[in-house]
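Asker: Below: one structure in structure tokens.
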Amino acid sequence: MLWNLLNGTRTLTYPSGHCENVFQTKFIPFTDDRTIITSGADGQVRLGQILENGKVETKRLGRHHGRVYKLAVLPGDPNVFYSCGEDGFVQHFDIRSSTPTTVLYSSPFTHGCRRHHSSSRIRLNSIAIDPRNPHYLAVGGSDEYARVYDTRRVQLAPVCRHIVPDAPVNTFCPRHLRETNSVHVTGLAYSKASELLVSYNDELIYLFEKNMGFGSSPVGISAEKLQEMEEPQVYTGHRNAQTVKGVNFMGPNDEYVMSGSDCGHIFIWKKKGGKLVRAMLGDRRVVNQLESHPHITFIASCGIERSVKLWTPVSNDVMSLPENIEKVTESNRVGREEQSRVTLTPEVIMHVLRLQRRQTSAFTERRYVLTDVDGDEENEAQFISGLVAGDDDSSERECNVS
């Protein structure tokens with residue numbers, strides 16, 4: 001679905017061709033917003049081309065063996081992008097070509113170079129490209145390490161299920177999480193200064209400088225060297241346990257870090273120092289993804305609710321944090337620390353969400369309007385406009401932008 005923010009209308013809806021959840025959509029740059037790429041739970045990576053007559057032509061560009069949560073567009077290139085999948089592969093796409101190519105395959109460090117099977121791959125959840133050096137590609141998934149690869153050191157090859165794992169040029173992980181096997185990466189983001197932001201399942205968010213990495217392998221590093229390494233900046237207060245959440249920067253120079261939370265709040269911290277400066281209620285259950293406008297202070301958020309919300313400051317006054325924020329952050333901390341260390345894989349999470357969707361589909365969901373929000377929430381943000389997606393309230397796939 002595409003909306004026009006200025007006049008408050010939904011301008012286009014088209015069948016994507018996906019058979020299951022669509023996890024991400026992106027515009028290809030320099031195409032007048034007419035070329036759209038999508039990825040989904042069915043493993044497909046698809047292309048949508050908006051024609052002059054308003055019709056949309058779609059086709060499948062490639063497929064992973066497993067879900068595809070994230071895509072990464074090569075900066076300044078109208079043709080090339082990457083995908084990462086639960087099969088451990090990163091695929092390279094050129095929309096001028098009919099077939100994708102495999103860039104790299106990610107495998108646990110302790111497994112060595114085994115052939116591809118379920119126990120020797122990293123199920124990838126996130127991918128990000130360094131804006132200062134587009135050859136550097138960061139991926140994260142079902143273990144505690146964020147891996148950075150140099151695409152100049154890998155060979156493009158036809159997509160194949162049996163491949164030798166590629167060696168990263170750098171790896172990042174907080175010292176206390178190293179070799180714990182109890183957490184996994186759900187989100188990655190690069191800043192304009194090439195800092196790498198990493199969000200962990202039921203753990204915290206960390207900001208790494210280039211000099212904080214373990215090199216090509218974290219295995220075998222001495223305790224003395226570990227103690228000498230600088231610790232990353234940490235961001236606390238939220239909780240990331242129920243879903244595969246993203247993380248992102250905000251501000252013209254990436255001065256802020258933002259993330260959703262299981263408590264339904266949007267958390268915004270100062271990048272330098274990690275001070276929490278804003279906490280806004282963004283969803284009645286969970287906030288999953290946040291995206292910032294590239295040039296102005298404007299945020300889009302989405303979660304479990306069937307709506308996308310847009311946020312922008314409406315006053316020059318600096319607002320204080322909500323009165324109950326200490327209770328919220330303490331509840332998140334206690335829940336995180338008391339949580340038994342059982343790794344919830346994306347497969348389990350998606351199965352639970354499917355069951356929940358089936359259970360609630362028999363009920364009519366009340367439309368989310370401004371009058372439903374408590375008075376305290378009205379002071380936290382301005383809902384820019386209500387862009388209602390159609391008139392059929394009974395549609396299970398209806399989505400609103402408010």
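To be explicit about the labels: the chains of the structure tokens are called A, B, and onward in the order shown, and within each one the residues are counted from 1, while ligands get numbers from 1 in the order they are shown.
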Quick one: residues within 8 Å of Gln233 (chain A), only C-alpha atoms counted, chain neighbours fewer than 4 positions away excluded, as a PyMOL selection string?
Answerer: chain A and resi 206-208+272-274
Asker: Could the residues in this selection be written to a file with N, CA, C and O atoms, as a JSON list (two decimals), in the first residue's frame?
Answerer:
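Result file is again-v1.json:
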```
[["chain", "number", "residue", "atom", "x", "y", "z"],
["A", 206, "TYR", "N", 23.64, -1.91, 21.39],
["A", 206, "TYR", "CA", 25.03, -1.52, 21.53],
["A", 206, "TYR", "C", 25.50, -0.79, 20.27],
["A", 206, "TYR", "O", 25.12, -1.14, 19.16],
["A", 207, "LEU", "N", 26.36, 0.23, 20.49],
["A", 207, "LEU", "CA", 26.93, 1.01, 19.39],
["A", 207, "LEU", "C", 28.43, 0.74, 19.33],
["A", 207, "LEU", "O", 29.17, 0.99, 20.29],
["A", 208, "PHE", "N", 28.89, 0.22, 18.19],
["A", 208, "PHE", "CA", 30.29, -0.17, 18.03],
["A", 208, "PHE", "C", 31.01, 0.79, 17.09],
["A", 208, "PHE", "O", 30.52, 1.10, 16.01],
["A", 272, "LYS", "N", 25.28, 9.86, 21.90],
["A", 272, "LYS", "CA", 26.45, 10.03, 22.75],
["A", 272, "LYS", "C", 26.02, 10.03, 24.22],
["A", 272, "LYS", "O", 25.28, 10.90, 24.66],
["A", 273, "GLY", "N", 26.44, 9.04, 24.93],
["A", 273, "GLY", "CA", 26.11, 8.95, 26.35],
["A", 273, "GLY", "C", 24.96, 8.03, 26.67],
["A", 273, "GLY", "O", 24.85, 7.54, 27.79],
["A", 274, "GLY", "N", 24.06, 7.79, 25.72],
["A", 274, "GLY", "CA", 22.98, 6.84, 25.92],
["A", 274, "GLY", "C", 21.85, 7.31, 26.81],
["A", 274, "GLY", "O", 21.07, 6.48, 27.32]]
```
Asker: Which neighbours of region 188-191 of chain A fall inside 7 Å, counting only C-alpha atoms, when residues of the same chain fewer than 4 positions from it are skipped, and could you give them as an NGL selection string?
Answerer: :A and (126-130 or 195-199 or 246-249 or 254)
Asker: Write the residues you've just listed into a file as a tab-separated table (two decimals), in the first residue's frame, and include N, CA, C and O atoms for each of them.
Answerer:
```
chain	number	residue	atom	x	y	z
A	126	SER	N	18.97	-9.56	9.69
A	126	SER	CA	19.17	-8.15	9.37
A	126	SER	C	20.42	-7.97	8.51
A	126	SER	O	21.37	-8.76	8.59
A	127	ILE	N	20.40	-6.90	7.71
A	127	ILE	CA	21.51	-6.58	6.82
A	127	ILE	C	21.60	-5.07	6.69
A	127	ILE	O	20.58	-4.37	6.68
A	128	ALA	N	22.82	-4.54	6.63
A	128	ALA	CA	23.02	-3.09	6.51
A	128	ALA	C	24.29	-2.83	5.72
A	128	ALA	O	25.27	-3.58	5.82
A	129	ILE	N	24.30	-1.75	4.94
A	129	ILE	CA	25.44	-1.35	4.13
A	129	ILE	C	26.06	-0.10	4.72
A	129	ILE	O	25.37	0.86	5.08
A	130	ASP	N	27.39	-0.11	4.85
A	130	ASP	CA	28.11	1.05	5.36
A	130	ASP	C	28.01	2.18	4.34
A	130	ASP	O	28.49	2.05	3.21
A	195	GLU	N	29.46	3.97	12.26
A	195	GLU	CA	29.24	3.26	13.52
A	195	GLU	C	28.18	2.19	13.30
A	195	GLU	O	27.22	2.42	12.55
A	196	LEU	N	28.33	1.06	13.96
A	196	LEU	CA	27.41	-0.05	13.77
A	196	LEU	C	26.55	-0.22	15.02
A	196	LEU	O	27.06	-0.44	16.12
A	197	LEU	N	25.24	-0.12	14.83
A	197	LEU	CA	24.27	-0.26	15.91
A	197	LEU	C	23.67	-1.66	15.85
A	197	LEU	O	23.22	-2.10	14.80
A	198	VAL	N	23.69	-2.37	16.99
A	198	VAL	CA	23.25	-3.77	17.04
A	198	VAL	C	22.23	-3.95	18.15
A	198	VAL	O	22.50	-3.58	19.31
A	199	SER	N	21.07	-4.53	17.83
A	199	SER	CA	20.03	-4.82	18.81
A	199	SER	C	19.91	-6.33	19.00
A	199	SER	O	19.88	-7.08	18.03
A	246	GLY	N	13.66	-4.07	14.76
A	246	GLY	CA	14.74	-3.32	14.15
A	246	GLY	C	15.28	-2.29	15.12
A	246	GLY	O	14.83	-2.14	16.25
A	247	VAL	N	16.29	-1.55	14.67
A	247	VAL	CA	16.88	-0.45	15.43
A	247	VAL	C	17.37	0.56	14.41
A	247	VAL	O	17.70	0.20	13.28
A	248	ASN	N	17.42	1.84	14.81
A	248	ASN	CA	17.75	2.85	13.81
A	248	ASN	C	18.31	4.11	14.45
A	248	ASN	O	18.22	4.30	15.67
A	249	PHE	N	18.88	4.97	13.58
A	249	PHE	CA	19.35	6.28	13.98
A	249	PHE	C	18.30	7.33	13.61
A	249	PHE	O	17.44	7.09	12.76
A	254	ASP	N	22.61	11.77	12.69
A	254	ASP	CA	22.43	10.56	13.49
A	254	ASP	C	22.74	10.81	14.96
A	254	ASP	O	23.40	10.03	15.63
```
Asker: Have a look at A:Leu124, A:Ile221, A:Ala72, A:Val257 and name the one nearest to Glu179 (chain A); count only C-alpha atoms.
Answerer: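 Looking at the shortest contact to Glu179 (chain A), the residue is A:Ile221.
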Asker: For Arg96 (chain A), list every protein, DNA or RNA residue within 9 Å, evaluated using only C-alpha atoms, and leave out those in the same chain fewer than 3 positions away; present the list as a list in words.
Answerer: Asn79, Val80 and Phe93 of chain A
Asker: Pick out each residue of region 163-248 of chain A that DSSP on the backbone tags as helix (DSSP H, G or I); I need them as a list in words.
Answerer: Arg175, His176, Leu177, Lys210, Asn211, Met212, Ala223, Glu224, Lys225, Leu226, Gln227 and Glu228 of chain A
Asker: For Ser307 (chain A), which of A:Asp262, A:Glu255, A:Asp283, A:Glu330 is the closest residue, counting only C-alpha atoms?
Answerer: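 Of all the options, A:Asp283 lies closest to Ser307 (chain A).
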Asker: Give me the residues near region 17-32 of chain A as a list in words, where near means some atom within 6 Å (using only C-alpha atoms) and where sequence neighbours in that chain fewer than 5 positions away do not count.
Answerer: Ile37, Thr38, Ser39, Gly40, Ala41, Asp42, Tyr69 and Pro78 of chain A
